[in-house]
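Dropping final-v3.pdb in here (PDB, C-alpha atoms and all ligand atoms):
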ATOM      1  CA  MET A   1       7.298  -8.098 -39.296
ATOM      2  CA  SER A   2       6.986 -11.667 -38.032
ATOM      3  CA  THR A   3       4.968 -12.292 -34.897
ATOM      4  CA  ARG A   4       8.010 -13.278 -32.841
ATOM      5  CA  ASP A   5       9.296  -9.705 -33.204
ATOM      6  CA  GLU A   6       6.171  -8.301 -31.619
ATOM      7  CA  ILE A   7       7.327  -7.773 -28.061
ATOM      8  CA  SER A   8       4.974  -5.470 -26.220
ATOM      9  CA  ARG A   9       6.496  -2.113 -25.364
ATOM     10  CA  ARG A  10       4.929   0.266 -22.914
ATOM     11  CA  SER A  11       5.882   3.584 -21.516
ATOM     12  CA  ALA A  12       5.194   5.051 -18.087
ATOM     13  CA  SER A  13       5.716   8.643 -17.043
ATOM     14  CA  CYS A  14       5.156  11.118 -14.244
ATOM     15  CA  SER A  15       2.401  13.742 -14.431
ATOM     16  CA  CYS A  16       4.581  16.396 -16.091
ATOM     17  CA  GLY A  17       6.202  13.854 -18.408
ATOM     18  CA  GLN A  18       9.927  14.417 -17.799
ATOM     19  CA  LEU A  19      10.511  11.218 -15.795
ATOM     20  CA  LYS A  20       9.902   8.096 -17.853
ATOM     21  CA  ALA A  21      10.176   4.326 -17.795
ATOM     22  CA  GLU A  22      10.151   2.383 -21.051
ATOM     23  CA  VAL A  23       9.476  -1.334 -20.647
ATOM     24  CA  SER A  24       9.518  -4.218 -23.064
ATOM     25  CA  GLY A  25       7.782  -7.537 -22.545
ATOM     26  CA  ASP A  26       5.086  -8.301 -20.033
ATOM     27  CA  PRO A  27       5.334  -7.679 -16.289
ATOM     28  CA  VAL A  28       6.449 -10.587 -14.106
ATOM     29  CA  ARG A  29       3.910  -9.624 -11.442
ATOM     30  CA  VAL A  30       1.002  -7.193 -11.255
ATOM     31  CA  SER A  31      -0.424  -6.576  -7.806
ATOM     32  CA  VAL A  32      -2.390  -4.240  -5.626
ATOM     33  CA  CYS A  33      -1.365  -3.362  -2.074
ATOM     34  CA  HIS A  34      -3.767  -2.047   0.534
ATOM     35  CA  CYS A  35      -1.120  -1.178   3.159
ATOM     36  CA  LEU A  36      -1.242   2.238   4.778
ATOM     37  CA  ALA A  37       2.170   3.220   3.378
ATOM     38  CA  CYS A  38       0.932   2.602  -0.168
ATOM     39  CA  GLN A  39      -2.236   4.551   0.571
ATOM     40  CA  ARG A  40      -0.161   7.479   1.759
ATOM     41  CA  ARG A  41       2.361   7.321  -1.087
ATOM     42  CA  THR A  42      -0.261   7.151  -3.823
ATOM     43  CA  GLY A  43      -2.923   9.347  -2.238
ATOM     44  CA  SER A  44      -5.347   6.615  -3.231
ATOM     45  CA  ALA A  45      -7.229   3.826  -1.414
ATOM     46  CA  PHE A  46      -4.653   1.260  -2.548
ATOM     47  CA  GLY A  47      -1.487   1.015  -4.610
ATOM     48  CA  ALA A  48      -1.345  -0.911  -7.890
ATOM     49  CA  GLN A  49       1.996  -1.798  -9.430
ATOM     50  CA  ALA A  50       3.670  -3.936 -12.057
ATOM     51  CA  ARG A  51       7.092  -5.522 -11.598
ATOM     52  CA  PHE A  52       9.434  -6.029 -14.510
ATOM     53  CA  LEU A  53      12.836  -7.659 -14.806
ATOM     54  CA  ARG A  54      15.371  -4.878 -14.566
ATOM     55  CA  GLU A  55      16.967  -5.616 -17.942
ATOM     56  CA  PHE A  56      13.683  -4.802 -19.687
ATOM     57  CA  VAL A  57      13.281  -1.350 -18.117
ATOM     58  CA  ILE A  58      14.907   1.890 -19.314
ATOM     59  CA  LEU A  59      14.554   4.825 -16.928
ATOM     60  CA  SER A  60      15.132   8.374 -18.091
ATOM     61  CA  GLY A  61      14.691  11.859 -16.657
ATOM     62  CA  GLU A  62      15.535  13.484 -13.374
ATOM     63  CA  SER A  63      14.367  11.815 -10.186
ATOM     64  CA  SER A  64      14.559  12.238  -6.446
ATOM     65  CA  GLU A  65      14.747   9.240  -4.148
ATOM     66  CA  TRP A  66      13.056   8.327  -0.917
ATOM     67  CA  VAL A  67      13.817   5.156   1.050
ATOM     68  CA  ARG A  68      11.247   3.490   3.261
ATOM     69  CA  THR A  69      11.834   0.452   5.475
ATOM     70  CA  GLY A  70       9.078  -2.113   4.982
ATOM     71  CA  ASP A  71       7.394  -4.171   7.701
ATOM     72  CA  GLU A  72       9.758  -7.074   7.114
ATOM     73  CA  GLY A  73      12.862  -4.879   7.264
ATOM     74  CA  SER A  74      13.511  -4.622   3.553
ATOM     75  CA  LYS A  75      14.346  -1.194   2.157
ATOM     76  CA  ILE A  76      12.258   0.200  -0.671
ATOM     77  CA  THR A  77      13.693   3.015  -2.791
ATOM     78  CA  TYR A  78      11.091   5.174  -4.544
ATOM     79  CA  ARG A  79      12.075   7.376  -7.489
ATOM     80  CA  PHE A  80       9.806  10.314  -8.092
ATOM     81  CA  CYS A  81       9.776  13.448 -10.203
ATOM     82  CA  PRO A  82      11.201  16.470  -8.334
ATOM     83  CA  THR A  83       8.817  18.734 -10.265
ATOM     84  CA  CYS A  84       5.419  17.023 -10.088
ATOM     85  CA  GLY A  85       6.105  14.471  -7.343
ATOM     86  CA  ALA A  86       4.766  11.399  -9.145
ATOM     87  CA  THR A  87       6.578   8.109  -8.448
ATOM     88  CA  VAL A  88       7.568   6.310 -11.656
ATOM     89  CA  SER A  89       9.628   3.420 -10.285
ATOM     90  CA  TYR A  90      10.752   1.744  -7.124
ATOM     91  CA  THR A  91      13.014  -1.099  -6.137
ATOM     92  CA  ILE A  92      13.027  -3.388  -3.126
ATOM     93  CA  ASP A  93      16.540  -4.144  -1.915
ATOM     94  CA  ASP A  94      15.955  -7.887  -1.562
ATOM     95  CA  GLN A  95      14.631  -8.106  -5.152
ATOM     96  CA  PRO A  96      17.468  -6.321  -6.988
ATOM     97  CA  ASP A  97      16.614  -7.906 -10.356
ATOM     98  CA  ARG A  98      13.169  -6.268 -10.455
ATOM     99  CA  ILE A  99      11.792  -2.778 -10.913
ATOM    100  CA  ALA A 100       8.255  -1.918  -9.849
ATOM    101  CA  ILE A 101       6.294   0.714 -11.720
ATOM    102  CA  PRO A 102       3.020   2.152 -10.434
ATOM    103  CA  LEU A 103       0.205   0.993 -12.715
ATOM    104  CA  GLY A 104      -1.214   4.486 -13.039
ATOM    105  CA  ALA A 105       2.037   5.797 -14.531
ATOM    106  CA  PHE A 106       1.205   3.872 -17.705
ATOM    107  CA  ALA A 107      -2.135   5.711 -18.028
ATOM    108  CA  ASP A 108      -3.333   2.659 -19.961
ATOM    109  CA  PRO A 109      -6.728   1.151 -19.108
ATOM    110  CA  SER A 110      -5.836  -1.956 -21.144
ATOM    111  CA  PHE A 111      -2.795  -2.745 -18.971
ATOM    112  CA  PRO A 112      -2.721  -6.378 -17.681
ATOM    113  CA  ALA A 113      -4.917  -6.768 -14.588
ATOM    114  CA  PRO A 114      -3.496  -7.440 -11.117
ATOM    115  CA  VAL A 115      -3.215 -11.066 -10.034
ATOM    116  CA  PHE A 116      -2.235 -10.517  -6.379
ATOM    117  CA  SER A 117      -3.833  -8.422  -3.662
ATOM    118  CA  VAL A 118      -1.842  -7.956  -0.473
ATOM    119  CA  TYR A 119      -2.375  -6.311   2.945
ATOM    120  CA  GLU A 120      -6.125  -6.871   2.670
ATOM    121  CA  SER A 121      -6.357  -6.351   6.451
ATOM    122  CA  ARG A 122      -5.929  -2.634   5.630
ATOM    123  CA  LYS A 123      -8.405  -2.662   2.758
ATOM    124  CA  HIS A 124     -11.081   0.003   2.740
ATOM    125  CA  VAL A 125     -14.466  -1.635   3.327
ATOM    126  CA  TRP A 126     -15.881  -0.349   0.045
ATOM    127  CA  VAL A 127     -13.045  -1.776  -2.066
ATOM    128  CA  VAL A 128     -14.030  -5.033  -3.756
ATOM    129  CA  MET A 129     -11.413  -6.992  -5.682
ATOM    130  CA  PRO A 130     -12.390  -9.051  -8.730
ATOM    131  CA  GLU A 131     -12.692 -12.826  -8.201
ATOM    132  CA  SER A 132      -9.765 -13.411 -10.563
ATOM    133  CA  ILE A 133      -7.355 -12.045  -7.934
TER     134      ILE A 133
HETATM  135 ZN    ZN B   1       6.976  15.141 -13.360
HETATM  136 ZN    ZN B   2       1.830  -1.425   0.280
END
For this file, write the structure as structure tokens.
Ligand SMILES: [Zn+2]
Ligand SMILES: [Zn+2]
Amino acid sequence: MSTRDEISRRSASCSCGQLKAEVSGDPVRVSVCHCLACQRRTGSAFGAQARFLREFVILSGESSEWVRTGDEGSKITYRFCPTCGATVSYTIDDQPDRIAIPLGAFADPSFPAPVFSVYESRKHVWVVMPESI
């Protein structure tokens, strides 16, 4: 295989494994968000997510949807597994060409690191971001 055929492929899934997202190529943006809504959704101190162009994402499995209105009025649609509850993808209505996938759904410690950190006003005091962000 020549090197130009080596497009990275990654797969994300929910905890029970029935809801999946297969992605090819690298994410267009990897970020962490410290907002309270992300804390609540993830059950963690902050959310981490990777955005991909929609044409490079294949979603499969059964999902339920929940729509939240963001601070700036945009609507965010989360797709999560009806069995285990894990969110595997979400879309923001004013960025219809992109799909966001929670970083943890890849269960891959070598996944590209976040470059952006947003809503730091809500950041837990003990959370320290790397200087590269
Ligand atoms: Zn599941
Ligand atoms: Zn957030």
Hits from the PyMOL selection byres (((chain A and resi 75-79) around 6) and not hetatm), listed as number ranges by chain: A: 63-69, 74, 80, 87, 89-93
Within 6 Å of ligand ZN 1 (chain B) (counting only C-alpha atoms and all ligand atoms), which residues show up? I'd like them as a PyMOL selection string. chain A and resi 14-19+81+83-84
Within 7 Å of ligand ZN 2 (chain B), counting all atoms listed in the file, residues as a PyMOL selection string: chain A and resi 33-38+47+119
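Here the question is which of A:Arg54, A:Arg10, A:Arg40, A:Lys123 gets nearest to Asp26 (chain A) using only C-alpha atoms, and that residue is A:Arg10.
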Can you tell me how far CA of Gly70 (chain A) sits from CA of Asp94 (chain A), in Å to one decimal?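 Separation between CA of Gly70 (chain A) and CA of Asp94 (chain A): 11.1 Å.
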